[in-house]
Each structure stands twice: as C-alpha cells, then as structure tokens.
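Below is one structure, written out as structure tokens; comments come after it.
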Amino acid sequence: MTQQIQRYFDAFNAGNVDGMLDCLTDDVAHHVNEGEVRRGKALFAEFCAHMNRCYAETLTNMTLFVTPDGTRGAAEYVVNGQYLETDAGLPEAQGQRYKLPAGSFFDLRDGKISRVTTYYNLADWIRQVS
C-alpha cells in the first residue's frame, strides 16, 4: 500500500488532481488541518481546486510508513509553497513563499485511500506569510 500513497503524493506534486482522485475510494473522508471533514471525491476535488487557486505547493523530504496489515499509513514531509491568492480569513496573498513541516495519515481499503488527514502548524504558516 506504500505505492498507493506514493502515487497520491506524486500526483499532488504534479498538480494532477485526477491522479489524486484515482487513488481514493468514492467515500473518502478528508480531514483538513483547520476545518470540517469532507466526504466523497466531489468535495475532495472542490477542495483541491480551491487550494490550487490559492497556493502552489510541492512536497519534499518525504518519508512514508504503512502498518504491517496495510490498513493505515502515514507520511512526513516538508511543504514548499507560494501563497498566490488570498484565502478567506487568512493574511493577504502577495506571492509569499513558505516552508513548513507537515504530515498526513491514511486509512487504506481495497487498494485505495479511504481517509486522508493532514496536519501542519497554521500559526507557523501565518508567521511566514505575514
């Protein structure tokens, strides 16, 4: 299952939302760092469209982990980004660059990702773009 998580992140780094969606179950639960849980591929795709409008990000220094039974996984990485368009409730975007550690956690089912949970330090990000 490490390959499925790697495919997901390879698609992310390529800006390939369809490739990311292909890695997910239809009922995927998407737990974002600061917000409500989104369920299903349609809401995940909407989130990705919003993120791609406001941010340009590449993930580096990635380490992947998967449990021996293949049902859960995790990734630790560095987010290298640029703030492109002001996101509601956040500082004004002026092309600021940022770099911060982050992590994601996954549930895996039937060869697909059924849960994505992402964490990063929002206060650190705000300091970097303010």
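Each chain of the structure tokens is named A, B, ... in the order shown, its residues numbered from 1; ligands are numbered from 1 in display order.
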> chain A: which residues are helix (DSSP H, G or I) by DSSP, as a ChimeraX atom specification?
Replying inline: /A:2-13,17-22,41-54,122-129
> Which is closest to Arg53 in chain A among A:Val79, A:Ala93, A:Ala14, A:Val129, if we use only C-alpha atoms?
Replying inline: A:Ala93
Contact table range 79-114 of chain A vs range 15-35 of chain A, cut-off 9 Å, shortest pair per residue, only C-alpha atoms, as a Markdown table:
| residue | atom | partner | partner_atom | distance |
| --- | --- | --- | --- | --- |
| A:Leu108 | CA | A:Thr25 | CA | 8.9 |
| A:Arg109 | CA | A:Thr25 | CA | 7.8 |
| A:Asp110 | CA | A:Thr25 | CA | 8.4 |
| A:Gly111 | CA | A:Cys23 | CA | 8.3 |
| A:Lys112 | CA | A:Leu24 | CA | 5.2 |
| A:Ile113 | CA | A:Leu24 | CA | 4.6 |
| A:Ser114 | CA | A:Val28 | CA | 4.4 |
Take the residues just selected and output them with N, CA, C and O atoms as a JSON list (two decimals), in the first residue's frame.
[["chain", "number", "residue", "atom", "x", "y", "z"],
["A", 108, "LEU", "N", -6.55, 2.82, 4.56],
["A", 108, "LEU", "CA", -6.43, 2.17, 3.26],
["A", 108, "LEU", "C", -7.41, 1.01, 3.19],
["A", 108, "LEU", "O", -7.51, 0.23, 4.14],
["A", 109, "ARG", "N", -8.13, 0.92, 2.07],
["A", 109, "ARG", "CA", -9.14, -0.13, 1.93],
["A", 109, "ARG", "C", -9.24, -0.53, 0.46],
["A", 109, "ARG", "O", -9.37, 0.34, -0.41],
["A", 110, "ASP", "N", -9.20, -1.82, 0.20],
["A", 110, "ASP", "CA", -9.39, -2.34, -1.15],
["A", 110, "ASP", "C", -8.46, -1.68, -2.17],
["A", 110, "ASP", "O", -8.87, -1.35, -3.29],
["A", 111, "GLY", "N", -7.21, -1.45, -1.77],
["A", 111, "GLY", "CA", -6.23, -0.90, -2.68],
["A", 111, "GLY", "C", -6.34, 0.60, -2.91],
["A", 111, "GLY", "O", -5.67, 1.14, -3.79],
["A", 112, "LYS", "N", -7.17, 1.27, -2.12],
["A", 112, "LYS", "CA", -7.37, 2.72, -2.28],
["A", 112, "LYS", "C", -7.24, 3.40, -0.92],
["A", 112, "LYS", "O", -7.29, 2.76, 0.13],
["A", 113, "ILE", "N", -7.12, 4.72, -0.95],
["A", 113, "ILE", "CA", -7.08, 5.54, 0.26],
["A", 113, "ILE", "C", -8.51, 5.92, 0.62],
["A", 113, "ILE", "O", -9.21, 6.51, -0.19],
["A", 114, "SER", "N", -8.93, 5.59, 1.84],
["A", 114, "SER", "CA", -10.31, 5.88, 2.26],
["A", 114, "SER", "C", -10.39, 7.03, 3.27],
["A", 114, "SER", "O", -11.48, 7.51, 3.57]]
> If you run DSSP on this backbone, which residues of range 29-92 of chain A come out as strand (DSSP E), and could you give them as number ranges by chain?
Replying inline: A: 29-31, 37-39, 55-66, 72-83
Written selection (C-alpha atoms) as a PDB file, in the first residue's frame:
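Result saved to part.pdb:
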ATOM      1  CA  ALA A  29     -13.117  11.068   4.331  1.00  0.00           C
ATOM      2  CA  HIS A  30     -10.902  14.143   4.028  1.00  0.00           C
ATOM      3  CA  HIS A  31      -9.907  15.658   7.376  1.00  0.00           C
ATOM      4  CA  VAL A  37     -14.457  16.727   7.362  1.00  0.00           C
ATOM      5  CA  ARG A  38     -15.318  16.446   3.684  1.00  0.00           C
ATOM      6  CA  ARG A  39     -16.738  13.160   2.457  1.00  0.00           C
ATOM      7  CA  TYR A  55      -1.418  28.018  -3.257  1.00  0.00           C
ATOM      8  CA  ALA A  56       1.343  26.448  -5.325  1.00  0.00           C
ATOM      9  CA  GLU A  57       2.931  23.675  -3.284  1.00  0.00           C
ATOM     10  CA  THR A  58       5.497  20.930  -3.700  1.00  0.00           C
ATOM     11  CA  LEU A  59       6.226  18.327  -1.060  1.00  0.00           C
ATOM     12  CA  THR A  60       9.805  17.212  -0.402  1.00  0.00           C
ATOM     13  CA  ASN A  61      11.806  15.152   2.123  1.00  0.00           C
ATOM     14  CA  MET A  62       9.003  12.586   2.206  1.00  0.00           C
ATOM     15  CA  THR A  63       9.032   9.551   4.452  1.00  0.00           C
ATOM     16  CA  LEU A  64       6.174   7.040   4.158  1.00  0.00           C
ATOM     17  CA  PHE A  65       5.005   4.489   6.701  1.00  0.00           C
ATOM     18  CA  VAL A  66       2.405   1.713   6.352  1.00  0.00           C
ATOM     19  CA  ARG A  72      -3.162   2.501   7.753  1.00  0.00           C
ATOM     20  CA  GLY A  73      -0.363   4.730   6.591  1.00  0.00           C
ATOM     21  CA  ALA A  74       1.398   7.983   7.339  1.00  0.00           C
ATOM     22  CA  ALA A  75       3.718  10.433   5.635  1.00  0.00           C
ATOM     23  CA  GLU A  76       6.027  13.113   6.951  1.00  0.00           C
ATOM     24  CA  TYR A  77       7.269  15.796   4.570  1.00  0.00           C
ATOM     25  CA  VAL A  78       8.138  19.444   4.018  1.00  0.00           C
ATOM     26  CA  VAL A  79       5.687  21.756   2.250  1.00  0.00           C
ATOM     27  CA  ASN A  80       7.419  24.228  -0.065  1.00  0.00           C
ATOM     28  CA  GLY A  81       4.849  26.735  -1.198  1.00  0.00           C
ATOM     29  CA  GLN A  82       3.838  30.072  -2.574  1.00  0.00           C
ATOM     30  CA  TYR A  83       0.719  31.940  -1.474  1.00  0.00           C
TER      31      TYR A  83
END
> How far is it from CA of Asp124 in chain A to CA of Gly103 in chain A, in Å with one decimal?
Replying inline: 14.4 Å
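If only C-alpha atoms are the atoms counted, then among A:Asn121, A:Glu85, A:Gly70, A:Val116 the closest residue to Leu100 in chain A is A:Asn121.
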